[in-house]
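Single-structure report; data block below.
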Amino acid sequence: MTDSSTRYAFLRSRRWAGIMAMAVVVSLTCAMLGYWQLTRYQGKAEAAALVEANYDSPPVALTELLPTAHSTWPEDLTWRQVTVTGEYLVPAVVLPQRPIGGSPADHVLAALALQVEGEEEPWWLLVDRGWYRSDAFADHTAEQELPEGEVRVTVRLRAAEPRSERDLTGRQVYAINPSQVLDVAAPGADLAGTVVTGVYGVLVEESPTTATPPAPLPRPSADLGNHLSYAFQWWVFALGALVGAVVLARREAADWADPADHSGPAGHASTGTHPDPGHSAVSSHRPPRQSSQRQSRRPRRRTEADEEDAIIDAQLEAARTAQAAAVPTHTGDDQASETNSR
């Protein structure tokens with residue numbers, strides 16, 4: 001029996017260095033994919049928790065949640081409701097191709113000028129008034145119309161999006177960014193007031209409204225998906241890659257440690273010599289292993305033809321035996337009498 005250092009000497013070969021490197025790379029890749037799925041699950045779980053906590057909360061005054069127009073918006077207040085009064089003083093802007101429930105949709109964005117208590121100039125609050133199904137051949141002018149005069153609006157607040165770097169065409173924007181929407185709605189206009197830059201509102205209700213308002217945005221989904229189970233699956237694959245490499249190494253070590261294999265490490269150990277640690281296991285021959293495999297094969301089952309041949313052979317052998325018994329044999333006395341008669 002050889003020691004462990006001799007049995008696993010093949011691990012220092014170039015072939016096994018490549019196998020172990022590949023196993024480590026596969027394991028790390030699977031671990032990273034599992035972590036990515038975990039972060040997606042955590043993000044959805046946090047978003048669902050905010051919906052559960054804030055979506056149905058009673059509306060309050062805007063300044064209760066937003067002391068100034070440029071206040072940083074705390075994430076834990078997402079979906080809180082506020083009620084404001086103001087006027088739509090600039091045209092609506094379209095946010096194209098923002099899907100709703102997997103369906104292509106365009107959103108209608110409008111800036112509402114608010115009279116805030118204690119402020120001389122109005123605040124401009126961006127409002128997402130709703131959506132309609134994207135259709136390049138249909139006329140959506142009615143959905144893009146805004147109520148005239150003073151309106152009372154209840155909205156749910158969300159953090160504003162960064163400015164889009166895409167080229168703007170017509171009255172379209174590609175991000176819900178208050179400053180960018182106002183630039184598109186009233187290009188070059190010197191609007192009095194302060195833009196609320198940190199948040200925008202998702203319309204809940206307004207009074208009065210238009211004859212054909214856009215459809216209200218649906219409640220956010222609380223479905224967390226399968227991200228957590230996918231994360232565990234990737235981590236199992238990561239562990240399996242390392243375990244597979246270890247099992248493969250143990251099997252190869254067991255094959256080369258077989259006492260019947262005189263060409264492997266065991267054979268060298270019996271003669272007092274040791275194999276070259278840098279010798280590649282691929283270049284070695286394994287005749288004893290192949291012979292052992294042949295010996296371990298199960299015997300072939302006898303067919304009907306084999307049984308018939310055995311019966312015929314037995315009959316022929318019996319006939320030859322009977323013929324040999326019928327032939328007379330000469331004894332020593334007969335030979336002596338025949339000699340005397342001559």
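Order determines the names: the first chain of the structure tokens is A, the second B, and so forth; residues in each chain are numbered 1 upward, and ligands are numbered 1 upward as they are shown.
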For segment 137-149 of chain A, please output as a ChimeraX atom specification all residues within 10 Å (counting only C-alpha atoms; exclusion window: fewer than 2 positions along the same chain).
/A:86-94,106-110,129-135,151,206-215
With N, CA and C atoms kept, could you save the residues just selected as a short mmCIF file (atom, residue, chain, number, x, y, z; two decimals), in the first residue's frame?
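Result file is selection27.cif:
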data_model
loop_
_atom_site.label_atom_id
_atom_site.label_comp_id
_atom_site.auth_asym_id
_atom_site.auth_seq_id
_atom_site.Cartn_x
_atom_site.Cartn_y
_atom_site.Cartn_z
N GLY A 86 -53.35 72.81 -7.47
CA GLY A 86 -52.57 73.63 -8.39
C GLY A 86 -53.18 73.66 -9.77
N GLU A 87 -52.37 74.09 -10.77
CA GLU A 87 -52.82 74.20 -12.15
C GLU A 87 -51.76 73.60 -13.08
N TYR A 88 -52.25 72.97 -14.18
CA TYR A 88 -51.36 72.52 -15.24
C TYR A 88 -51.15 73.70 -16.20
N LEU A 89 -49.98 74.31 -16.18
CA LEU A 89 -49.74 75.53 -16.95
C LEU A 89 -48.91 75.28 -18.21
N VAL A 90 -48.42 74.08 -18.40
CA VAL A 90 -47.65 73.75 -19.61
C VAL A 90 -48.23 72.47 -20.19
N PRO A 91 -48.02 72.22 -21.52
CA PRO A 91 -48.59 71.02 -22.15
C PRO A 91 -48.02 69.74 -21.56
N ALA A 92 -48.74 68.66 -21.79
CA ALA A 92 -48.30 67.33 -21.33
C ALA A 92 -47.16 66.84 -22.23
N VAL A 93 -46.39 65.92 -21.69
CA VAL A 93 -45.26 65.29 -22.39
C VAL A 93 -45.48 63.79 -22.34
N VAL A 94 -45.08 63.10 -23.40
CA VAL A 94 -45.29 61.65 -23.50
C VAL A 94 -44.00 60.90 -23.15
N ASP A 106 -47.63 53.97 -23.35
CA ASP A 106 -47.10 55.33 -23.29
C ASP A 106 -47.70 56.01 -22.07
N HIS A 107 -46.86 56.77 -21.35
CA HIS A 107 -47.33 57.48 -20.17
C HIS A 107 -47.50 58.96 -20.48
N VAL A 108 -48.43 59.59 -19.80
CA VAL A 108 -48.67 61.02 -19.96
C VAL A 108 -48.13 61.74 -18.73
N LEU A 109 -47.13 62.61 -18.94
CA LEU A 109 -46.50 63.35 -17.85
C LEU A 109 -46.89 64.83 -17.96
N ALA A 110 -47.15 65.45 -16.81
CA ALA A 110 -47.53 66.87 -16.80
C ALA A 110 -46.99 67.52 -15.53
N ARG A 129 -49.77 61.01 -15.05
CA ARG A 129 -51.23 60.97 -15.01
C ARG A 129 -51.80 59.62 -15.41
N GLY A 130 -51.00 58.72 -15.97
CA GLY A 130 -51.51 57.41 -16.37
C GLY A 130 -50.94 56.98 -17.71
N TRP A 131 -51.60 56.01 -18.34
CA TRP A 131 -51.04 55.41 -19.55
C TRP A 131 -52.14 55.03 -20.52
N TYR A 132 -51.73 54.83 -21.76
CA TYR A 132 -52.57 54.25 -22.81
C TYR A 132 -51.71 53.30 -23.63
N ARG A 133 -52.35 52.35 -24.30
CA ARG A 133 -51.62 51.35 -25.06
C ARG A 133 -50.92 52.00 -26.25
N SER A 134 -49.64 51.66 -26.44
CA SER A 134 -48.86 52.23 -27.54
C SER A 134 -49.46 51.83 -28.88
N ASP A 135 -49.67 52.83 -29.72
CA ASP A 135 -50.21 52.59 -31.06
C ASP A 135 -49.83 53.78 -31.93
N VAL A 151 -57.05 72.44 -9.95
CA VAL A 151 -57.43 71.05 -9.73
C VAL A 151 -56.88 70.59 -8.38
N GLU A 206 -57.93 63.01 -9.38
CA GLU A 206 -57.90 64.46 -9.56
C GLU A 206 -59.33 64.96 -9.81
N SER A 207 -59.56 66.19 -9.38
CA SER A 207 -60.90 66.79 -9.54
C SER A 207 -60.72 68.29 -9.79
N PRO A 208 -61.25 68.77 -10.95
CA PRO A 208 -61.92 68.01 -12.02
C PRO A 208 -60.90 67.28 -12.89
N THR A 209 -61.38 66.45 -13.81
CA THR A 209 -60.52 65.74 -14.74
C THR A 209 -61.04 65.92 -16.16
N THR A 210 -60.42 65.29 -17.12
CA THR A 210 -60.81 65.43 -18.53
C THR A 210 -61.84 64.37 -18.90
N ALA A 211 -62.39 64.51 -20.13
CA ALA A 211 -63.41 63.56 -20.59
C ALA A 211 -62.82 62.18 -20.84
N THR A 212 -61.59 62.15 -21.33
CA THR A 212 -60.95 60.85 -21.63
C THR A 212 -59.56 60.83 -20.98
N PRO A 213 -59.49 60.63 -19.70
CA PRO A 213 -58.18 60.60 -19.04
C PRO A 213 -57.45 59.29 -19.33
N PRO A 214 -56.14 59.27 -19.21
CA PRO A 214 -55.41 58.01 -19.37
C PRO A 214 -55.74 57.04 -18.25
N ALA A 215 -55.48 55.77 -18.49
CA ALA A 215 -55.77 54.74 -17.47
C ALA A 215 -54.82 54.89 -16.29
#
Using the chain letters and numbers from this document, which residues of segment 84-173 of chain A does DSSP assign to helix (DSSP H, G or I), as a ChimeraX atom specification?
/A:141-144
Quick one: residues within 8 Å of Ala31 of chain A, only C-alpha atoms counted, chain neighbours fewer than 6 positions away excluded, as a list in words?
Trp234, Trp235 and Ala238 of chain A
Those residues with C-alpha atoms, as a JSON list (two decimals), in the first residue's frame please?
[["chain", "number", "residue", "atom", "x", "y", "z"],
["A", 234, "TRP", "CA", -26.41, 28.13, -8.49],
["A", 235, "TRP", "CA", -24.69, 27.60, -5.14],
["A", 238, "ALA", "CA", -20.77, 25.77, -7.36]]
Nearest to Glu117 of chain A among A:Gln97, A:Asn226, A:Thr72, A:Thr85, with distances taken over only C-alpha atoms: which residue is it?
A:Thr85
Kindly indicate which residue among A:Val199, A:Leu316, A:Leu191, A:Ala186 lies nearest to Glu161 of chain A, using only C-alpha atoms for the distances.
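Using only C-alpha atoms, Glu161 of chain A sits closest to A:Val199.
Rounded to one decimal, atom CA of Lys44 of chain A and atom CA of Phe232 of chain A lie 16.8 Å from each other.
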Please provide the set of residues having any atom within 12 Å of Tyr35 of chain A, restricted to only C-alpha atoms, with same-chain residues fewer than 2 positions apart removed, written as a list in words.
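Residues meeting the cut-off are Leu28, Thr29, Cys30, Ala31, Met32, Leu33, Gln37, Leu38, Thr39, Arg40, Tyr41, Gln42, His227, Leu228, Ser229, Tyr230, Ala231, Phe232, Gln233, Trp234, Trp235 and Ala238 of chain A.
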Can you write out the residues you just picked, keeping N, CA and C atoms, as a PDB file, in the first residue's frame?
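New file selection_37.pdb:
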ATOM      1  N   LEU A  28     -16.620  29.404  -9.004  1.00  0.00           N
ATOM      2  CA  LEU A  28     -16.710  30.843  -8.735  1.00  0.00           C
ATOM      3  C   LEU A  28     -17.794  31.497  -9.584  1.00  0.00           C
ATOM      4  N   THR A  29     -17.904  31.081 -10.846  1.00  0.00           N
ATOM      5  CA  THR A  29     -18.932  31.645 -11.718  1.00  0.00           C
ATOM      6  C   THR A  29     -20.328  31.337 -11.184  1.00  0.00           C
ATOM      7  N   CYS A  30     -20.548  30.099 -10.783  1.00  0.00           N
ATOM      8  CA  CYS A  30     -21.859  29.725 -10.234  1.00  0.00           C
ATOM      9  C   CYS A  30     -22.147  30.469  -8.935  1.00  0.00           C
ATOM     10  N   ALA A  31     -21.115  30.662  -8.113  1.00  0.00           N
ATOM     11  CA  ALA A  31     -21.316  31.398  -6.855  1.00  0.00           C
ATOM     12  C   ALA A  31     -21.711  32.849  -7.127  1.00  0.00           C
ATOM     13  N   MET A  32     -21.082  33.477  -8.131  1.00  0.00           N
ATOM     14  CA  MET A  32     -21.417  34.860  -8.472  1.00  0.00           C
ATOM     15  C   MET A  32     -22.831  34.963  -9.033  1.00  0.00           C
ATOM     16  N   LEU A  33     -23.222  34.003  -9.864  1.00  0.00           N
ATOM     17  CA  LEU A  33     -24.593  34.008 -10.393  1.00  0.00           C
ATOM     18  C   LEU A  33     -25.611  33.826  -9.265  1.00  0.00           C
ATOM     19  N   GLN A  37     -28.607  36.511  -8.221  1.00  0.00           N
ATOM     20  CA  GLN A  37     -30.015  36.173  -8.019  1.00  0.00           C
ATOM     21  C   GLN A  37     -30.480  36.560  -6.612  1.00  0.00           C
ATOM     22  N   LEU A  38     -29.597  36.446  -5.626  1.00  0.00           N
ATOM     23  CA  LEU A  38     -29.957  36.834  -4.263  1.00  0.00           C
ATOM     24  C   LEU A  38     -30.214  38.337  -4.179  1.00  0.00           C
ATOM     25  N   THR A  39     -29.376  39.153  -4.833  1.00  0.00           N
ATOM     26  CA  THR A  39     -29.591  40.606  -4.809  1.00  0.00           C
ATOM     27  C   THR A  39     -30.897  40.977  -5.502  1.00  0.00           C
ATOM     28  N   ARG A  40     -31.241  40.265  -6.576  1.00  0.00           N
ATOM     29  CA  ARG A  40     -32.520  40.541  -7.233  1.00  0.00           C
ATOM     30  C   ARG A  40     -33.688  40.204  -6.308  1.00  0.00           C
ATOM     31  N   TYR A  41     -33.576  39.111  -5.596  1.00  0.00           N
ATOM     32  CA  TYR A  41     -34.628  38.745  -4.642  1.00  0.00           C
ATOM     33  C   TYR A  41     -34.740  39.799  -3.543  1.00  0.00           C
ATOM     34  N   GLN A  42     -33.603  40.239  -3.007  1.00  0.00           N
ATOM     35  CA  GLN A  42     -33.634  41.223  -1.937  1.00  0.00           C
ATOM     36  C   GLN A  42     -34.242  42.543  -2.417  1.00  0.00           C
ATOM     37  N   HIS A 227     -36.245  34.025  -7.697  1.00  0.00           N
ATOM     38  CA  HIS A 227     -34.830  34.391  -7.591  1.00  0.00           C
ATOM     39  C   HIS A 227     -34.125  33.690  -6.432  1.00  0.00           C
ATOM     40  N   LEU A 228     -34.811  33.517  -5.319  1.00  0.00           N
ATOM     41  CA  LEU A 228     -34.164  32.874  -4.170  1.00  0.00           C
ATOM     42  C   LEU A 228     -33.858  31.408  -4.459  1.00  0.00           C
ATOM     43  N   SER A 229     -34.800  30.700  -5.071  1.00  0.00           N
ATOM     44  CA  SER A 229     -34.541  29.293  -5.412  1.00  0.00           C
ATOM     45  C   SER A 229     -33.442  29.188  -6.467  1.00  0.00           C
ATOM     46  N   TYR A 230     -33.411  30.125  -7.412  1.00  0.00           N
ATOM     47  CA  TYR A 230     -32.339  30.127  -8.412  1.00  0.00           C
ATOM     48  C   TYR A 230     -30.982  30.350  -7.741  1.00  0.00           C
ATOM     49  N   ALA A 231     -30.944  31.212  -6.729  1.00  0.00           N
ATOM     50  CA  ALA A 231     -29.684  31.457  -6.024  1.00  0.00           C
ATOM     51  C   ALA A 231     -29.166  30.175  -5.376  1.00  0.00           C
ATOM     52  N   PHE A 232     -30.047  29.440  -4.694  1.00  0.00           N
ATOM     53  CA  PHE A 232     -29.622  28.183  -4.061  1.00  0.00           C
ATOM     54  C   PHE A 232     -29.185  27.158  -5.111  1.00  0.00           C
ATOM     55  N   GLN A 233     -29.858  27.129  -6.254  1.00  0.00           N
ATOM     56  CA  GLN A 233     -29.462  26.199  -7.312  1.00  0.00           C
ATOM     57  C   GLN A 233     -28.064  26.503  -7.815  1.00  0.00           C
ATOM     58  N   TRP A 234     -27.754  27.776  -8.024  1.00  0.00           N
ATOM     59  CA  TRP A 234     -26.411  28.134  -8.492  1.00  0.00           C
ATOM     60  C   TRP A 234     -25.357  27.779  -7.459  1.00  0.00           C
ATOM     61  N   TRP A 235     -25.676  27.948  -6.177  1.00  0.00           N
ATOM     62  CA  TRP A 235     -24.694  27.605  -5.135  1.00  0.00           C
ATOM     63  C   TRP A 235     -24.498  26.096  -5.050  1.00  0.00           C
ATOM     64  N   ALA A 238     -22.127  25.352  -7.738  1.00  0.00           N
ATOM     65  CA  ALA A 238     -20.771  25.769  -7.361  1.00  0.00           C
ATOM     66  C   ALA A 238     -20.101  24.710  -6.485  1.00  0.00           C
TER      67      ALA A 238
END
For Glu121 of chain A, work out the shell of residues within 8 Å, counting only C-alpha atoms and skipping chain neighbours fewer than 4 positions away, then give it as an MDAnalysis selection string.
chainID A and resid 115 192:194
Could you write out that same residue set with C-alpha atoms as a tab-separated table (two decimals), in the first residue's frame?
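Produced file selection_12.tsv, reproduced below:
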chain	number	residue	atom	x	y	z
A	115	GLN	CA	-49.23	77.10	-4.31
A	192	ALA	CA	-41.45	81.37	-12.31
A	193	GLY	CA	-41.16	79.03	-9.39
A	194	THR	CA	-39.05	76.13	-8.11
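Going from atom CA of Trp36 of chain A over to atom CA of Leu157 of chain A, you cover 28.6 Å.
When only C-alpha atoms are used to measure the gap to Gly118 of chain A, the shortest distance among A:Thr68, A:Ala105, A:Ala136, A:Thr154 belongs to A:Thr68.
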For Asp76 of chain A, the nearest of the candidates A:Arg158, A:Arg7, A:Arg15, A:Arg219, counting only C-alpha atoms:
A:Arg158
